[in-house]
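Coordinates from work-v6.csv are shown below (CSV, C-alpha atoms).
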chain,number,residue,atom,x,y,z
A,197,MET,CA,149.7,77.0,174.0
A,198,LEU,CA,146.1,77.2,172.9
A,199,ASP,CA,144.8,80.7,172.6
A,200,GLN,CA,141.8,82.1,174.3
A,201,PRO,CA,138.8,81.8,174.1
A,202,GLN,CA,139.2,78.3,172.7
A,203,PHE,CA,141.1,77.1,175.8
A,204,GLY,CA,138.4,78.3,178.1
A,205,ARG,CA,135.7,76.6,176.1
A,206,ARG,CA,137.5,73.3,176.1
A,207,LEU,CA,138.3,73.5,179.8
A,208,LYS,CA,134.6,74.2,180.6
A,209,ARG,CA,133.5,71.4,178.4
A,210,LEU,CA,135.8,68.9,180.0
A,211,ARG,CA,134.8,70.0,183.5
A,212,THR,CA,131.1,69.8,182.8
A,213,ALA,CA,131.4,66.5,181.0
A,214,ARG,CA,132.7,65.1,184.2
A,215,GLY,CA,130.0,66.7,186.3
A,216,LEU,CA,132.4,68.7,188.4
A,217,SER,CA,131.9,72.1,189.9
A,218,GLN,CA,134.5,74.8,189.6
A,219,ALA,CA,135.3,74.4,193.3
A,220,GLU,CA,135.8,70.6,192.9
A,221,VAL,CA,138.3,71.3,190.0
A,222,VAL,CA,140.4,74.0,191.6
A,223,GLY,CA,141.1,72.2,194.9
A,224,ASP,CA,143.7,74.0,197.1
A,225,GLY,CA,145.9,75.1,194.2
A,226,MET,CA,143.7,77.7,192.5
A,227,SER,CA,140.8,80.1,193.2
A,228,THR,CA,137.5,79.6,191.6
A,229,GLY,CA,137.7,83.2,190.4
A,230,HIS,CA,140.9,82.4,188.5
A,231,LEU,CA,139.2,79.3,187.0
A,232,SER,CA,136.1,81.3,186.0
A,233,ARG,CA,138.3,83.9,184.2
A,234,LEU,CA,140.1,81.1,182.4
A,235,GLU,CA,136.9,79.5,181.3
A,236,SER,CA,135.4,82.8,180.1
A,237,GLY,CA,138.6,83.6,178.1
A,238,GLY,CA,139.5,86.5,180.3
A,239,ARG,CA,142.8,85.1,181.4
A,240,ARG,CA,145.5,83.4,179.4
A,241,PRO,CA,146.7,80.0,180.9
A,242,THR,CA,150.3,79.3,181.8
A,243,GLU,CA,152.0,76.0,181.3
A,244,ARG,CA,151.9,75.4,185.1
A,245,THR,CA,148.2,76.2,185.1
A,246,VAL,CA,147.5,73.7,182.3
A,247,ALA,CA,149.5,71.0,184.0
A,248,TYR,CA,147.6,71.5,187.3
A,249,LEU,CA,144.2,71.5,185.6
A,250,ALA,CA,145.0,68.4,183.6
A,251,ARG,CA,145.9,66.5,186.8
A,252,ARG,CA,142.7,67.7,188.5
A,253,LEU,CA,140.6,66.7,185.5
A,254,GLY,CA,142.4,63.4,185.1
A,255,VAL,CA,143.4,64.0,181.4
A,256,ASP,CA,146.6,64.5,179.5
A,257,ALA,CA,147.6,68.2,179.0
A,258,SER,CA,147.0,67.7,175.3
A,259,ALA,CA,143.3,67.4,176.0
A,260,LEU,CA,143.4,71.0,177.0
A,261,THR,CA,145.9,72.4,174.5
A,262,GLY,CA,146.2,69.9,171.5
A,263,PRO,CA,145.5,71.1,168.0
A,264,GLN,CA,143.3,68.2,167.0
A,265,ASP,CA,140.1,69.7,168.4
A,266,ASP,CA,139.7,73.5,168.8
A,267,GLY,CA,136.2,73.1,170.3
A,268,SER,CA,134.6,75.2,167.6
A,269,LEU,CA,131.3,74.2,166.1
A,270,SER,CA,132.8,73.8,162.6
A,271,GLY,CA,135.4,71.5,164.1
A,272,VAL,CA,132.9,69.3,165.9
A,273,LEU,CA,130.7,69.3,162.7
A,274,ALA,CA,133.7,68.0,160.7
A,275,ALA,CA,134.2,65.2,163.2
A,276,VAL,CA,130.5,64.3,163.2
A,277,VAL,CA,129.9,64.1,159.5
A,278,SER,CA,133.1,62.1,158.9
A,279,ALA,CA,132.5,59.7,161.8
A,280,PRO,CA,131.9,56.0,160.9
A,281,PRO,CA,128.3,54.8,160.6
A,282,GLY,CA,126.7,54.1,163.9
A,283,THR,CA,128.8,56.6,165.8
A,284,ASP,CA,126.6,58.6,168.3
A,285,SER,CA,128.0,62.2,168.3
A,286,THR,CA,124.8,63.9,169.5
A,287,ALA,CA,126.2,64.8,172.9
A,288,ALA,CA,129.3,66.4,171.5
A,289,LEU,CA,127.4,68.3,168.9
A,290,ASP,CA,124.8,69.5,171.5
A,291,ARG,CA,127.6,70.9,173.7
A,292,ALA,CA,129.2,72.6,170.7
A,293,VAL,CA,126.0,74.3,169.8
A,294,GLU,CA,125.5,75.4,173.4
A,295,ASP,CA,129.1,76.9,173.5
A,296,ASP,CA,128.9,78.4,170.0
A,297,PRO,CA,129.1,82.2,169.9
A,298,GLY,CA,127.1,82.3,166.7
A,299,ASP,CA,129.9,83.6,164.4
A,300,ASP,CA,129.0,81.1,161.6
A,301,PRO,CA,125.2,80.9,161.1
A,302,ALA,CA,125.5,78.3,158.3
A,303,ALA,CA,127.5,75.9,160.5
A,304,ARG,CA,125.0,76.4,163.3
A,305,TRP,CA,122.1,75.7,160.9
A,306,GLN,CA,123.8,72.4,159.9
A,307,ALA,CA,124.4,71.4,163.5
A,308,LEU,CA,120.7,72.2,164.5
A,309,TRP,CA,119.6,70.2,161.5
A,310,LEU,CA,121.6,67.2,162.6
A,311,LEU,CA,120.3,67.5,166.2
A,312,SER,CA,116.7,67.8,165.1
A,313,GLN,CA,117.1,64.8,162.8
A,314,ALA,CA,118.5,62.8,165.7
A,315,ALA,CA,115.7,63.8,168.0
A,316,GLY,CA,113.1,63.0,165.4
A,317,ARG,CA,114.7,59.6,164.7
A,318,ASP,CA,114.5,58.9,168.5
A,319,GLY,CA,110.8,59.9,168.6
A,320,ASP,CA,111.7,62.8,170.9
A,321,HIS,CA,109.4,65.3,169.1
A,322,ARG,CA,109.4,67.9,171.9
A,323,SER,CA,113.1,68.3,171.7
A,324,GLU,CA,113.0,68.1,167.9
A,325,ARG,CA,110.4,71.0,167.9
A,326,THR,CA,112.7,73.2,170.1
A,327,ARG,CA,115.6,72.7,167.7
A,328,LEU,CA,113.4,73.3,164.7
A,329,LEU,CA,112.0,76.6,166.0
A,330,GLU,CA,115.6,77.9,166.1
A,331,LEU,CA,116.3,76.4,162.8
A,332,LEU,CA,113.4,78.2,161.2
A,333,ALA,CA,114.5,81.6,162.6
A,334,LEU,CA,118.1,81.0,161.5
A,335,SER,CA,117.1,79.9,157.9
A,336,ARG,CA,115.1,83.1,157.6
A,337,SER,CA,118.1,85.2,158.6
A,338,LEU,CA,120.3,83.3,156.1
A,339,ASP,CA,117.8,84.2,153.3
A,340,ALA,CA,118.2,80.7,151.8
A,341,PRO,CA,114.9,79.4,150.3
A,342,ASP,CA,116.1,75.8,150.1
A,343,LEU,CA,117.2,75.7,153.7
A,344,HIS,CA,114.0,77.4,154.9
A,345,THR,CA,111.8,75.1,152.9
A,346,ARG,CA,113.5,72.0,154.4
A,347,SER,CA,113.2,73.4,157.9
A,348,LEU,CA,109.5,74.1,157.3
A,349,VAL,CA,108.9,70.6,156.0
A,350,ARG,CA,110.6,69.0,159.0
A,351,TYR,CA,108.7,71.3,161.3
A,352,ALA,CA,105.4,70.4,159.7
A,353,ARG,CA,106.2,66.7,160.1
A,354,CYS,CA,107.3,67.2,163.7
A,355,THR,CA,104.2,69.1,164.8
A,356,ARG,CA,101.9,66.6,163.0
A,357,ALA,CA,103.6,63.8,165.0
A,358,ILE,CA,102.8,65.8,168.2
A,359,GLY,CA,99.2,66.3,167.1
A,360,ASP,CA,99.3,70.0,166.3
A,361,LEU,CA,97.7,69.6,162.8
A,362,ASP,CA,96.8,73.3,162.3
A,363,THR,CA,100.5,74.3,162.8
A,364,ALA,CA,101.6,71.4,160.6
A,365,GLU,CA,99.2,72.5,157.8
A,366,SER,CA,100.4,76.1,157.9
A,367,ALA,CA,104.1,75.1,157.8
A,368,ALA,CA,103.6,72.6,155.0
A,369,THR,CA,101.6,75.2,153.0
A,370,GLU,CA,104.3,77.8,153.4
A,371,ALA,CA,107.0,75.3,152.5
A,372,LEU,CA,105.2,74.3,149.2
A,373,ALA,CA,104.6,78.0,148.3
A,374,LEU,CA,108.3,78.8,148.9
A,375,ALA,CA,109.5,75.8,146.9
A,376,ARG,CA,107.4,76.8,144.0
A,377,THR,CA,108.3,80.5,144.2
A,378,ALA,CA,112.0,79.8,144.4
A,379,HIS,CA,111.8,77.1,141.7
A,380,LEU,CA,113.5,74.6,144.0
A,381,CYS,CA,114.5,71.1,142.9
A,382,VAL,CA,112.0,68.2,142.7
A,383,PRO,CA,113.0,66.6,146.0
A,384,ASP,CA,112.3,69.8,147.9
A,385,THR,CA,109.0,70.5,146.2
A,386,LEU,CA,108.0,66.9,146.5
A,387,ALA,CA,108.8,66.7,150.2
A,388,ALA,CA,106.7,69.8,150.9
A,389,LEU,CA,103.7,68.5,148.8
A,390,LEU,CA,103.8,65.1,150.5
A,391,GLU,CA,103.8,66.7,153.9
A,392,LEU,CA,100.8,68.9,153.0
A,393,ILE,CA,98.9,65.9,151.6
A,394,SER,CA,99.5,63.9,154.8
A,395,THR,CA,98.3,66.7,157.0
A,396,GLU,CA,95.2,67.3,154.9
A,397,THR,CA,94.4,63.6,155.1
A,398,GLU,CA,94.7,63.6,158.9
A,399,LEU,CA,92.5,66.7,159.0
A,400,GLY,CA,89.8,64.9,156.8
A,401,ARG,CA,90.2,67.3,153.9
A,402,TRP,CA,89.8,64.6,151.3
A,403,GLU,CA,89.1,66.9,148.3
A,404,ALA,CA,92.1,69.1,149.0
A,405,ALA,CA,94.3,66.1,149.5
A,406,SER,CA,93.0,64.5,146.3
A,407,GLN,CA,93.7,67.6,144.2
A,408,HIS,CA,97.3,67.7,145.5
A,409,VAL,CA,97.6,64.0,144.7
A,410,ASP,CA,96.6,64.8,141.1
A,411,GLU,CA,99.3,67.4,141.0
A,412,LEU,CA,101.7,64.9,142.4
A,413,ASP,CA,100.9,62.3,139.7
A,414,ARG,CA,101.0,64.9,136.9
A,415,ASP,CA,104.1,67.1,137.8
A,416,LEU,CA,106.4,65.4,140.2
A,417,LEU,CA,106.1,61.6,140.3
A,418,PRO,CA,107.6,61.1,136.8
A,419,ARG,CA,110.8,63.0,137.9
A,420,ALA,CA,111.2,61.5,141.4
A,421,SER,CA,113.8,59.0,142.5
A,422,ALA,CA,112.8,55.5,143.4
A,423,VAL,CA,112.8,56.2,147.1
A,424,GLN,CA,110.9,59.5,146.7
A,425,ALA,CA,108.4,57.9,144.3
A,426,ALA,CA,107.7,55.1,146.7
A,427,GLU,CA,107.0,57.5,149.5
A,428,ALA,CA,104.7,59.5,147.2
A,429,LEU,CA,102.8,56.4,146.2
A,430,TRP,CA,102.3,55.4,149.8
A,431,THR,CA,101.0,58.9,150.7
A,432,ALA,CA,98.6,58.8,147.8
A,433,ALA,CA,97.5,55.3,148.8
A,434,VAL,CA,96.5,56.6,152.3
A,435,VAL,CA,94.3,59.3,150.6
A,436,SER,CA,92.6,56.7,148.5
A,437,SER,CA,92.0,54.5,151.5
A,438,ARG,CA,90.5,57.3,153.6
A,439,LYS,CA,88.1,58.0,150.7
A,440,GLY,CA,87.0,54.4,150.7
A,441,ASP,CA,88.7,53.3,147.5
A,442,ASP,CA,90.7,50.5,148.9
A,443,ALA,CA,91.4,48.9,145.5
A,444,ALA,CA,93.2,52.0,144.3
A,445,ALA,CA,95.0,52.2,147.6
A,446,MET,CA,96.3,48.6,147.4
A,447,ALA,CA,97.4,49.2,143.8
A,448,ARG,CA,99.4,52.2,144.8
A,449,LEU,CA,101.0,50.3,147.7
A,450,ASP,CA,102.0,47.4,145.5
A,451,GLN,CA,103.5,49.8,143.0
A,452,ALA,CA,105.4,51.6,145.8
A,453,LEU,CA,106.7,48.3,147.2
A,454,SER,CA,107.9,47.2,143.8
A,455,LEU,CA,110.1,50.2,143.6
A,456,LEU,CA,112.1,49.1,146.7
A,457,LYS,CA,112.1,45.4,146.4
A,458,ASP,CA,115.2,44.3,148.3
A,459,GLY,CA,116.4,47.3,150.3
A,460,ARG,CA,119.8,47.7,148.5
A,461,GLU,CA,119.1,51.3,147.7
A,462,ASP,CA,118.0,52.4,151.2
A,463,LEU,CA,117.3,49.7,153.8
A,464,THR,CA,115.8,52.2,156.2
A,465,ALA,CA,113.3,53.4,153.6
A,466,TRP,CA,112.6,49.8,152.6
A,467,ALA,CA,111.6,48.9,156.2
A,468,ARG,CA,109.7,52.2,156.8
A,469,LEU,CA,107.7,51.7,153.6
A,470,ARG,CA,106.6,48.2,154.7
A,471,THR,CA,105.5,49.3,158.2
A,472,ALA,CA,103.6,52.2,156.5
A,473,ALA,CA,102.0,49.9,154.0
A,474,ALA,CA,101.0,47.5,156.8
A,475,ALA,CA,99.5,50.4,158.8
A,476,ALA,CA,97.5,51.5,155.8
A,477,ALA,CA,96.3,47.9,155.1
A,478,LEU,CA,95.1,47.4,158.7
A,479,GLN,CA,93.0,50.6,158.5
A,480,MET,CA,91.1,49.6,155.4
A,481,SER,CA,87.6,48.3,155.7
A,482,PRO,CA,87.8,45.3,155.9
A,483,PRO,CA,91.5,45.2,156.9
A,484,ARG,CA,93.8,43.5,154.4
A,485,VAL,CA,95.2,41.2,157.0
A,486,ALA,CA,97.3,38.9,154.9
A,487,ALA,CA,99.0,41.7,153.1
A,488,ALA,CA,99.6,43.5,156.4
A,489,GLU,CA,101.1,40.4,158.0
A,490,GLU,CA,103.5,39.9,155.0
A,491,TRP,CA,104.7,43.5,155.1
A,492,LEU,CA,105.0,43.6,158.8
A,493,THR,CA,107.0,40.4,159.0
A,494,ALA,CA,109.4,41.7,156.4
A,495,ALA,CA,109.9,45.0,158.2
A,496,ALA,CA,110.4,43.2,161.6
A,497,SER,CA,113.3,41.2,160.1
A,498,VAL,CA,115.2,44.5,159.8
A,499,LEU,CA,113.9,46.5,162.7
A,500,ASP,CA,114.3,43.8,165.3
A,501,LEU,CA,118.1,44.1,164.6
A,502,THR,CA,118.6,47.8,163.7
A,503,GLY,CA,115.5,49.7,164.8
A,504,THR,CA,115.6,52.6,167.2
A,505,PRO,CA,113.3,52.6,170.3
A,506,ALA,CA,110.8,54.7,168.4
A,507,GLN,CA,110.8,52.4,165.4
A,508,LEU,CA,110.4,49.4,167.6
A,509,GLN,CA,107.5,50.9,169.5
A,510,GLU,CA,105.8,51.6,166.1
A,511,LEU,CA,106.4,48.0,165.0
A,512,HIS,CA,105.0,46.5,168.2
A,513,ALA,CA,102.0,48.8,168.1
A,514,LEU,CA,101.2,47.6,164.5
A,515,GLN,CA,101.8,44.0,165.6
A,516,ALA,CA,99.1,44.6,168.3
A,517,HIS,CA,96.7,45.8,165.6
A,518,LEU,CA,97.5,42.8,163.4
A,519,ALA,CA,96.9,40.4,166.3
A,520,PHE,CA,93.5,42.0,167.0
A,521,ALA,CA,92.5,41.8,163.3
A,522,GLN,CA,93.5,38.1,163.3
A,523,GLY,CA,91.4,37.4,166.5
A,524,ARG,CA,94.5,36.8,168.7
A,525,LEU,CA,93.1,39.0,171.5
A,526,GLU,CA,95.4,37.9,174.2
A,527,ASP,CA,98.5,38.6,172.1
A,528,ALA,CA,97.0,41.9,171.1
A,529,ALA,CA,96.4,42.9,174.7
A,530,LEU,CA,99.9,41.9,175.8
A,531,LEU,CA,101.5,43.9,172.9
A,532,SER,CA,99.4,47.0,173.4
A,533,ARG,CA,99.9,47.0,177.2
A,534,THR,CA,103.7,46.6,176.8
A,535,VAL,CA,104.0,49.5,174.5
A,536,LEU,CA,101.6,51.8,176.4
A,537,SER,CA,103.3,51.1,179.7
A,538,GLU,CA,106.8,52.0,178.5
A,539,GLU,CA,108.1,54.9,180.5
A,540,ASP,CA,109.4,56.7,177.4
A,541,LEU,CA,106.5,56.4,174.9
A,542,ARG,CA,107.7,57.8,171.6
A,543,LEU,CA,104.7,57.0,169.3
A,544,PRO,CA,103.3,59.9,167.2
A,545,TYR,CA,100.1,61.4,168.6
A,546,ARG,CA,97.9,59.6,166.0
A,547,ASP,CA,99.4,56.2,166.6
A,548,ARG,CA,99.3,56.6,170.4
A,549,VAL,CA,95.6,57.4,170.2
A,550,ARG,CA,94.9,54.5,167.9
A,551,LEU,CA,96.7,52.1,170.2
A,552,SER,CA,94.9,53.5,173.2
A,553,VAL,CA,91.6,52.9,171.5
A,554,LEU,CA,92.6,49.3,170.7
A,555,ASP,CA,93.6,48.9,174.4
A,556,GLY,CA,90.1,50.1,175.5
A,557,ARG,CA,88.4,47.7,173.1
A,558,LEU,CA,90.5,44.8,174.3
A,559,ALA,CA,89.5,45.6,177.9
A,560,ILE,CA,85.8,45.4,176.9
A,561,HIS,CA,86.4,42.1,175.1
A,562,ALA,CA,88.1,40.7,178.2
A,563,GLY,CA,85.1,41.6,180.3
A,564,ARG,CA,86.5,44.7,181.9
A,565,VAL,CA,83.7,46.8,180.5
A,566,GLU,CA,83.7,49.7,182.9
A,567,GLU,CA,87.5,50.1,182.5
A,568,GLY,CA,87.4,49.9,178.7
A,569,VAL,CA,84.5,52.3,178.4
A,570,ALA,CA,86.1,54.8,180.8
A,571,ALA,CA,89.3,54.7,178.8
A,572,LEU,CA,87.4,55.4,175.5
A,573,GLN,CA,85.4,58.2,177.1
A,574,GLN,CA,88.6,59.8,178.2
A,575,LEU,CA,90.0,59.6,174.7
A,576,ALA,CA,86.9,61.1,173.4
A,577,ARG,CA,87.2,64.0,175.8
A,578,GLN,CA,90.8,64.6,174.7
A,579,ALA,CA,89.8,64.5,171.1
A,580,THR,CA,87.0,67.0,171.7

Can you give me the file's structure in the form of C-alpha cells?
Amino acid sequence: MLDQPQFGRRLKRLRTARGLSQAEVVGDGMSTGHLSRLESGGRRPTERTVAYLARRLGVDASALTGPQDDGSLSGVLAAVVSAPPGTDSTAALDRAVEDDPGDDPAARWQALWLLSQAAGRDGDHRSERTRLLELLALSRSLDAPDLHTRSLVRYARCTRAIGDLDTAESAATEALALARTAHLCVPDTLAALLELISTETELGRWEAASQHVDELDRDLLPRASAVQAAEALWTAAVVSSRKGDDAAAMARLDQALSLLKDGREDLTAWARLRTAAAAAALQMSPPRVAAAEEWLTAAASVLDLTGTPAQLQELHALQAHLAFAQGRLEDAALLSRTVLSEEDLRLPYRDRVRLSVLDGRLAIHAGRVEEGVAALQQLARQAT
C-alpha cells in the first residue's frame, strides 16, 4: 500500500486530470469529506477504499498504489529527461510543480527551467515570464551563480521578446556582471554578453553595443564552440547593419553560416541561424534580397517539417517581408494578413510591430490609404 501523502497526491492528480469533482468521484459509496482527507494525506487508504476509487476513476488499482511513479517532482523529472525525443511531458511536469511541497529546491529549479524553456519555444512569453520570475527567486536562494546567471539571461531574452527592453537590459547587465565576478565558463559569459548586445542594439545604443562586440571578438569568440560562435557572429552582424556598415554585416553573416554548413551539429540552430540571417539581410539598406531568399528557402526546408507554431509564424512573417522586397505585393499581403489574423499570435514584440508596419504599407499600396495610414498612426501612438 502506498504511504501518505504520496497516495493523496496521486489520487488528486488522477481525479483532476479527468476533470472530475470530488462529489463525482465518491458517488454513493464514500463521503466527500473522506475523499478530501485522503487527498490531503490526512487519512490512510484501505485496500477496499483503493479498489472503490480505482473503479470510480476507471483505472487499475496499480495506478493509485504502484511503485513506478510516486508522484514526486524528482520522479516526474526523471521520466521527463529520459523520455524519447518528441515526447511532450509539459502537462505532467506542470502538475508535479503545482503539487510539489518544495522539499527539493534544486529539483524545482530544474522543473521550472524546463517549463520556461517549453513556453519560450512555443512563443508563450507571458507564461515563460511567470516561470522565470519564480526561477530567479529560487536561484537566489540556492546561492548558485551559474544557475542565477542562466535564469537572468533567459529572463532578459523573454522580456526583450515581450518588448520590455529596460527590464531586459537590467537583467542582461546583472547576468554579465555575475558571470564575470563568479568566473563562470565561456558559454555562460558569452550568453550574457550576447543578450546584452542584442538589447543595446534594439535600444539604439550603437556605441555601447559596439564596445561589447569588441570585447566579444577579443575575449570570447576564439574560445566558443561552433554553435556559440555562429550566434555571436550573427549578433555582431546585426550591430554592424544597424550602424550602416552592411558590408561588415554580410561578412559576419557569411562567416557564421560557414560554421554551421549542414546542420549535423545542431539542426535547430542551423535553421534558426538562417532565419536570423535572412531577417538581418532584409533590414539592410538596400535589402540583400537574393541572400535573404537563399537563407529563408533553406530554413523553410526544415521548419515546414519540424517547426513549432512560433517558428512557423516567424518564418511566414519573414516570407512576407521577402515578397514585399521582391515586389510581390499580393503574396506579401496574403502572408502578412494570415499571420496577423492568427488567434494565437506568438511573434516577439519587435517582429509583430515590423509585420504590422508592413501590413499598413501594403494597405496603402493597394489603394486603402485611410486604412493603412490609420494602422500606422496607431502603431506610432503605441511606440510613443

Coordinates-based distance that separates CA of Trp305 in chain A from CA of Ser270 in chain A (Å, one decimal):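 These two atoms are separated by 11.0 Å.
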
Show which residues sit within 8 Å of Ala426 in chain A, as a JSON list (two decimals) with C-alpha atoms, keeping the file's coordinate frame. Count all atoms listed in the file, and ignore same-chain residues fewer than 3 positions away.
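Saved result, result_23.json, follows:
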[["chain", "number", "residue", "atom", "x", "y", "z"],
["A", 422, "ALA", "CA", 112.80, 55.50, 143.40],
["A", 423, "VAL", "CA", 112.80, 56.20, 147.10],
["A", 429, "LEU", "CA", 102.80, 56.40, 146.20],
["A", 430, "TRP", "CA", 102.30, 55.40, 149.80],
["A", 451, "GLN", "CA", 103.50, 49.80, 143.00],
["A", 452, "ALA", "CA", 105.40, 51.60, 145.80],
["A", 453, "LEU", "CA", 106.70, 48.30, 147.20],
["A", 455, "LEU", "CA", 110.10, 50.20, 143.60],
["A", 456, "LEU", "CA", 112.10, 49.10, 146.70],
["A", 469, "LEU", "CA", 107.70, 51.70, 153.60]]

So, with all atoms listed in the file as the atoms that count, which of A:Ala387, A:Ala378, A:Ala432, A:Ala279 lies closest to Pro341 in chain A? A:Ala378

Please identify all polymer residues within 9 Å of range 367-369 of chain A, counting all atoms listed in the file, omitting same-chain residues fewer than 6 positions from it, and present them as a list in words.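 My list of contacting residues is Thr345, Leu348, Val349, Arg350, Tyr351, Ala352, Arg353, Ala388, Leu389, Leu390, Glu391, Leu392, Ile393 and Thr395 of chain A.
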
Applying 8 Å and only C-alpha atoms, which residues near Arg291 in chain A remain after dropping the ones on its own chain fewer than 4 positions away? List them as JSON, numbers by chain. {"A": [209, 287, 295]}

How far is it from CA of Leu311 in chain A to CA of Thr283 in chain A, in Å with one decimal?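 It comes out at 13.8 Å.
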
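Nearest residue to Pro505 in chain A among A:Arg542, A:Pro418, A:Pro281, A:Glu294 is A:Arg542, counting only C-alpha atoms.
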
Compare A:Ala314, A:Leu269, A:Val535, A:Ala247 by their minimum atom-to-atom distance to Arg205 in chain A, counting all atoms listed in the file, and give me the closest one.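 So, comparing all the options, the nearest one is A:Leu269.
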
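Distance-wise, CA of Leu289 in chain A and CA of Ala303 in chain A end up 11.3 Å apart.
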
Around (113.3, 71.1, 166.2), as given in the file, which residues come within 8 Å? Count all atoms listed in the file and list them as a PDB file with C-alpha atoms, in the frame of the given file.
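The file below, selection_27.pdb, is the result:
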ATOM      1  CA  LEU A 308     120.700  72.200 164.500  1.00  0.00           C
ATOM      2  CA  TRP A 309     119.600  70.200 161.500  1.00  0.00           C
ATOM      3  CA  LEU A 311     120.300  67.500 166.200  1.00  0.00           C
ATOM      4  CA  SER A 312     116.700  67.800 165.100  1.00  0.00           C
ATOM      5  CA  ALA A 315     115.700  63.800 168.000  1.00  0.00           C
ATOM      6  CA  HIS A 321     109.400  65.300 169.100  1.00  0.00           C
ATOM      7  CA  ARG A 322     109.400  67.900 171.900  1.00  0.00           C
ATOM      8  CA  SER A 323     113.100  68.300 171.700  1.00  0.00           C
ATOM      9  CA  GLU A 324     113.000  68.100 167.900  1.00  0.00           C
ATOM     10  CA  ARG A 325     110.400  71.000 167.900  1.00  0.00           C
ATOM     11  CA  THR A 326     112.700  73.200 170.100  1.00  0.00           C
ATOM     12  CA  ARG A 327     115.600  72.700 167.700  1.00  0.00           C
ATOM     13  CA  LEU A 328     113.400  73.300 164.700  1.00  0.00           C
ATOM     14  CA  LEU A 329     112.000  76.600 166.000  1.00  0.00           C
ATOM     15  CA  GLU A 330     115.600  77.900 166.100  1.00  0.00           C
ATOM     16  CA  LEU A 331     116.300  76.400 162.800  1.00  0.00           C
ATOM     17  CA  ARG A 350     110.600  69.000 159.000  1.00  0.00           C
ATOM     18  CA  TYR A 351     108.700  71.300 161.300  1.00  0.00           C
ATOM     19  CA  CYS A 354     107.300  67.200 163.700  1.00  0.00           C
TER      20      CYS A 354
END
